[in-house]
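Text of my_file_12.cif, listed as mmCIF, C-alpha atoms:
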data_query
loop_
_atom_site.label_atom_id
_atom_site.label_comp_id
_atom_site.auth_asym_id
_atom_site.auth_seq_id
_atom_site.Cartn_x
_atom_site.Cartn_y
_atom_site.Cartn_z
CA MET W 1 -16.88 -5.38 0.32
CA PHE W 2 -16.78 -9.04 -0.62
CA GLU W 3 -20.30 -8.83 -2.04
CA THR W 4 -19.02 -6.13 -4.43
CA VAL W 5 -15.72 -7.85 -5.32
CA PRO W 6 -15.76 -11.44 -3.97
CA ASP W 7 -12.07 -12.08 -4.71
CA LEU W 8 -10.67 -9.07 -2.81
CA LYS W 9 -7.50 -9.92 -0.89
CA PHE W 10 -5.42 -7.81 1.47
CA GLY W 11 -1.91 -8.63 2.63
CA ILE W 12 -1.39 -7.48 6.23
CA LEU W 13 2.03 -7.25 7.86
CA HIS W 14 2.72 -6.32 11.47
CA TYR W 15 6.33 -5.16 11.91
CA ASN W 16 7.94 -5.06 15.33
CA ARG W 17 11.25 -3.51 16.45
CA ILE W 18 12.16 -2.12 13.04
CA SER W 19 14.48 0.81 12.34
CA LEU W 20 13.59 3.28 9.61
CA ALA W 21 16.80 5.29 9.63
CA ASP W 22 18.07 6.61 6.30
CA ALA W 23 18.43 3.99 3.59
CA PRO W 24 21.96 2.64 2.97
CA GLY W 25 23.51 4.16 -0.16
CA MET W 26 23.71 0.77 -1.87
CA LEU W 27 19.97 0.19 -1.36
CA SER W 28 19.09 3.64 -2.69
CA GLY W 29 21.25 2.93 -5.74
CA ARG W 30 19.51 -0.37 -6.43
CA ILE W 31 16.06 1.16 -6.07
CA ASN W 32 16.97 4.01 -8.43
CA LEU W 33 18.40 1.50 -10.93
CA PHE W 34 15.10 -0.38 -10.84
CA TYR W 35 13.20 2.85 -11.49
CA GLU W 36 15.47 3.74 -14.41
CA GLU W 37 15.00 0.31 -15.99
CA LEU W 38 11.24 0.56 -15.50
CA LYS W 39 11.21 3.96 -17.22
CA LEU W 40 12.71 2.27 -20.29
CA ASP W 41 10.02 -0.43 -20.21
CA LEU W 42 7.30 2.20 -19.84
CA ALA W 43 8.53 4.16 -22.87
CA ASP W 44 6.57 1.87 -25.21
CA LYS W 45 4.26 0.09 -22.76
CA PRO W 46 0.98 1.48 -21.35
CA VAL W 47 0.77 1.57 -17.56
CA THR W 48 -2.52 -0.31 -17.74
CA ASP W 49 -0.72 -3.34 -19.25
CA PHE W 50 0.50 -4.24 -15.76
CA PRO W 51 -1.96 -6.75 -14.23
CA GLY W 52 -2.05 -5.06 -10.82
CA ILE W 53 -2.87 -1.67 -12.33
CA ALA W 54 -5.59 -3.12 -14.56
CA GLU W 55 -7.17 -5.14 -11.75
CA TRP W 56 -7.28 -2.24 -9.30
CA ARG W 57 -8.84 0.03 -11.90
CA LYS W 58 -11.64 -2.57 -12.13
CA VAL W 59 -11.97 -2.63 -8.33
CA TRP W 60 -12.23 1.19 -8.34
CA LYS W 61 -15.07 1.04 -10.87
CA ALA W 62 -16.85 -1.75 -8.97
CA PHE W 63 -17.03 0.46 -5.88
CA GLY W 64 -18.23 3.45 -7.92
CA LYS W 65 -15.07 5.56 -8.26
CA ASP W 66 -13.55 6.91 -11.47
CA PRO W 67 -9.93 5.61 -11.74
CA GLY W 68 -9.19 8.29 -14.30
CA ARG W 69 -9.87 11.02 -11.74
CA TYR W 70 -8.84 9.26 -8.52
CA ARG W 71 -5.92 7.06 -9.51
CA PRO W 72 -4.83 4.13 -7.33
CA SER W 73 -1.51 5.08 -5.70
CA ALA W 74 0.52 2.48 -7.61
CA GLU W 75 -0.81 3.76 -10.92
CA ALA W 76 -0.03 7.35 -9.95
CA LEU W 77 3.58 6.36 -9.17
CA MET W 78 3.90 4.44 -12.43
CA ARG W 79 2.58 7.36 -14.46
CA ARG W 80 5.13 9.67 -12.83
CA LEU W 81 7.87 7.25 -13.84
CA LYS W 82 6.52 7.11 -17.38
CA LYS W 83 6.91 10.90 -17.49
CA GLY W 84 10.53 10.51 -16.39
CA GLU W 85 9.97 11.51 -12.76
CA THR W 86 11.63 9.40 -10.05
CA PRO W 87 9.95 9.26 -6.61
CA SER W 88 11.74 11.63 -4.23
CA PRO W 89 13.37 10.05 -1.14
CA ILE W 90 11.24 10.48 1.99
CA ASN W 91 12.42 8.03 4.63
CA LEU W 92 13.43 4.38 4.55
CA GLY W 93 9.92 3.11 5.27
CA ALA W 94 8.18 5.29 2.71
CA ASP W 95 10.87 4.63 0.11
CA LEU W 96 10.56 0.86 0.54
CA ASN W 97 6.77 1.11 0.45
CA ASN W 98 6.89 3.04 -2.84
CA PHE W 99 9.39 0.58 -4.30
CA ILE W 100 7.25 -2.43 -3.36
CA SER W 101 4.12 -0.73 -4.69
CA VAL W 102 5.76 -0.08 -8.07
CA ARG W 103 7.47 -3.47 -8.25
CA GLU W 104 4.22 -5.33 -7.62
CA ALA W 105 2.04 -2.70 -9.39
CA VAL W 106 -0.46 -2.63 -6.49
CA PRO W 107 -1.30 0.02 -3.88
CA CYS W 108 0.43 -0.30 -0.49
CA GLY W 109 0.23 1.66 2.74
CA LEU W 110 2.69 1.79 5.65
CA TYR W 111 1.53 3.17 9.00
CA ASP W 112 3.03 3.85 12.44
CA LEU W 113 1.19 1.56 14.87
CA ASP W 114 1.91 3.88 17.78
CA LYS W 115 -0.28 6.48 16.05
CA ILE W 116 -3.17 4.03 15.58
CA THR W 117 -5.84 3.59 18.25
CA GLY W 118 -7.74 0.34 18.71
CA PRO W 119 -8.43 -2.35 16.10
CA VAL W 120 -8.08 -1.58 12.40
CA GLU W 121 -10.72 -2.28 9.79
CA ILE W 122 -10.79 -2.10 6.01
CA ARG W 123 -14.10 -0.94 4.57
CA SER W 124 -15.73 1.10 1.85
CA GLY W 125 -15.89 4.82 2.60
CA GLY W 126 -19.06 6.81 3.07
CA GLU W 127 -19.77 10.45 2.26
CA GLU W 128 -18.72 11.49 5.78
CA ASP W 129 -15.29 9.88 5.55
CA GLU W 130 -12.46 12.31 4.87
CA TYR W 131 -9.03 13.34 6.08
CA GLU W 132 -6.14 15.65 5.30
CA GLY W 133 -3.90 13.62 3.03
CA LEU W 134 -0.20 13.47 2.35
CA ASN W 135 -1.05 15.30 -0.89
CA GLY W 136 -1.81 18.40 1.23
CA ARG W 137 -5.55 18.37 0.51
CA MET W 138 -8.73 17.30 2.27
CA ASN W 139 -9.71 14.04 0.58
CA ASN W 140 -13.22 12.64 0.57
CA LEU W 141 -13.17 8.82 0.65
CA GLU W 142 -16.70 8.04 -0.45
CA ASN W 143 -16.78 4.85 -2.55
CA LEU W 144 -13.08 4.21 -1.89
CA LEU W 145 -11.65 1.41 0.20
CA LEU W 146 -10.05 2.73 3.37
CA THR W 147 -8.33 1.68 6.59
CA ALA W 148 -9.73 3.07 9.82
CA ASP W 149 -9.15 2.80 13.58
CA SER W 150 -11.35 3.93 16.47
CA VAL W 151 -10.53 7.57 15.68
CA GLY W 152 -11.51 7.32 12.02
CA PRO W 153 -10.00 6.67 8.59
CA PHE W 154 -6.26 7.03 8.21
CA GLY W 155 -5.33 5.34 4.94
CA SER W 156 -6.54 4.23 1.52
CA PRO W 157 -5.13 2.86 -1.75
CA PHE W 158 -5.63 6.39 -3.14
CA VAL W 159 -3.70 8.58 -0.68
CA ASP W 160 -2.86 8.22 3.02
CA SER W 161 -3.60 10.67 5.81
CA ARG W 162 -1.15 12.94 7.62
CA ARG W 163 -2.11 11.32 10.96
CA THR W 164 -0.37 7.94 10.84
CA PRO W 165 2.51 7.82 8.31
CA ALA W 166 5.63 5.87 9.20
CA SER W 167 8.65 8.04 9.97
CA THR W 168 12.27 7.62 11.04
CA ASP W 169 10.97 7.27 14.62
CA THR W 170 8.66 4.35 13.79
CA ALA W 171 9.49 1.07 15.56
CA HIS W 172 6.18 -0.77 15.08
CA ALA W 173 4.31 -0.57 11.81
CA LEU W 174 1.32 -1.86 9.91
CA HIS W 175 1.76 -2.62 6.20
CA VAL W 176 -1.34 -3.06 4.05
CA ILE W 177 -0.87 -4.59 0.58
CA TYR W 178 -3.86 -4.28 -1.77
CA LEU W 179 -3.25 -7.56 -3.59
CA CYS W 180 -4.44 -8.51 -7.06
CA PRO W 181 -7.87 -10.14 -6.64
CA SER W 182 -6.91 -12.76 -9.25
CA LEU W 183 -4.25 -14.26 -6.96
CA SER W 184 -5.09 -17.48 -5.19
CA VAL W 185 -5.01 -17.40 -1.40
CA ASP W 186 -1.75 -19.38 -1.44
CA GLU W 187 -0.19 -17.00 -3.96
CA ALA W 188 -1.35 -14.03 -1.90
CA ALA W 189 0.18 -15.52 1.26
CA GLU W 190 3.47 -16.19 -0.53
CA MET W 191 3.64 -12.64 -1.86
CA THR W 192 2.78 -11.11 1.52
CA ARG W 193 5.42 -13.16 3.31
CA GLY W 194 7.98 -12.29 0.62
CA ILE W 195 7.31 -8.58 1.10
CA GLY W 196 7.70 -8.96 4.86
CA LYS W 197 11.05 -10.72 4.40
CA LEU W 198 12.25 -8.04 1.99
CA PHE W 199 11.19 -5.21 4.29
CA THR W 200 12.75 -6.62 7.46
CA SER W 201 15.95 -7.62 5.64
CA VAL W 202 16.54 -3.87 5.37
CA THR W 203 14.87 -2.52 8.51
CA GLY W 204 15.62 -5.34 10.94
CA GLY W 205 12.97 -6.49 13.37
CA ARG W 206 10.32 -9.16 12.89
CA PHE W 207 7.05 -9.45 11.04
CA GLU W 208 3.79 -11.34 11.33
CA PRO W 209 1.78 -11.79 8.09
CA ALA W 210 -1.86 -12.46 7.32
CA VAL W 211 -4.03 -12.42 4.22
CA LEU W 212 -7.60 -11.22 4.57
CA HIS W 213 -10.20 -12.49 2.10
CA ALA W 214 -13.83 -13.59 1.99
CA GLY W 215 -12.99 -16.83 3.80
CA ARG W 216 -10.88 -15.05 6.43
CA PRO W 217 -12.17 -11.52 6.98
CA ALA W 218 -10.32 -10.89 10.26
CA ALA W 219 -6.96 -11.63 11.90
CA ASP W 220 -5.34 -10.95 15.27
CA LEU W 221 -1.68 -9.98 14.86
CA SER W 222 -1.24 -8.53 18.33
CA ALA W 223 0.85 -11.56 19.30
CA ALA W 224 3.59 -10.20 17.05
CA GLU W 225 4.18 -7.40 19.57
CA GLY W 226 7.13 -8.18 21.79
CA LYS W 227 8.53 -11.03 19.66
#
Conversion result in structure tokens:
Amino acid sequence: MFETVPDLKFGILHYNRISLADAPGMLSGRINLFYEELKLDLADKPVTDFPGIAEWRKVWKAFGKDPGRYRPSAEALMRRLKKGETPSPINLGADLNNFISVREAVPCGLYDLDKITGPVEIRSGGEEDEYEGLNGRMNNLENLLLTADSVGPFGSPFVDSRRTPASTDTAHALHVIYLCPSLSVDEAAEMTRGIGKLFTSVTGGRFEPAVLHAGRPAADLSAAEGK
């Protein structure tokens, strides 16, 4: 991956002892207010003017995928907002994930760690990689970045699978932030930690962050369990 896009960076957050019960009414109101304000900004501003959207379209092309046909998840959300559509509430985890993705204009994925088997890797998909997605379709992941465990792929910055999504029962979660490649490592670490603080300020629990990049392609966050 780093030979294709040397500056790739991934924010990784391990959440422990969180609660994803329904969002408090005040939080839902603030998120909806943000979406309404963003709709006004998008009325006369192209979605591709946002740095995160533009950078991830370039990453898509570098790996051989057409971003016009397979849109990064953040871009898909932004385009729905531009059409006047507000993301429907799902659960607290998914709603926060969508909010963070739109706010930062980068793809994000939130997964239930109890549904994940073995170590997780991020890699480029091959022609054999596919899963049933949250969009209700079988999705082929060839030439897309994906997250996979020992069972197989379960997530991507395009659409996640039906196997590992966070739900109201989730107590331990993995959050993957597909950061802007142009960020420095220090900026990426600051953003990742800020997202972890925001998330756990609502859900409770603790988090352990890491940023993966060419100089640090692996991290062990298992120590976060039980904190």
Hits from the PyMOL selection byres ((chain W and resi 77) around 12), listed as a PyMOL selection string: chain W and resi 35+38-39+47+53+71-76+78-88+95+97-108+157-159
Hits from the PyMOL selection byres ((chain W and resi 113-119) around 12), listed as a PyMOL selection string: chain W and resi 13-18+110-112+120-122+147-155+161-167+169-175+218-222+225
d(atom CA of Phe34 of chain W, atom CA of Lys58 of chain W) in Å: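 Taking atom CA of Phe34 of chain W as the start and atom CA of Lys58 of chain W as the end point, the length is 26.9 Å.
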Gap from atom CA of Gly215 of chain W to atom CA of Val185 of chain W - Å, one decimal: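 Atom-to-atom, atom CA of Gly215 of chain W and atom CA of Val185 of chain W are spaced 9.5 Å apart.
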Among listed residues W:Gly93, W:Gly133, W:Pro6, W:Gly64, nearest Leu145 of chain W (using all atoms listed in the file):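 Among W:Gly93, W:Gly133, W:Pro6, W:Gly64, it is W:Gly64 that comes nearest to Leu145 of chain W.
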Counting all atoms listed in the file, the residue of W:Met138, W:Met1, W:Leu42, W:Leu20 that sits nearest Asn91 of chain W: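 Counting all atoms listed in the file, the residue closest to Asn91 of chain W is W:Leu20.
The space separating atom CA of Gly125 of chain W from atom CA of Leu141 of chain W comes to 5.2 Å.
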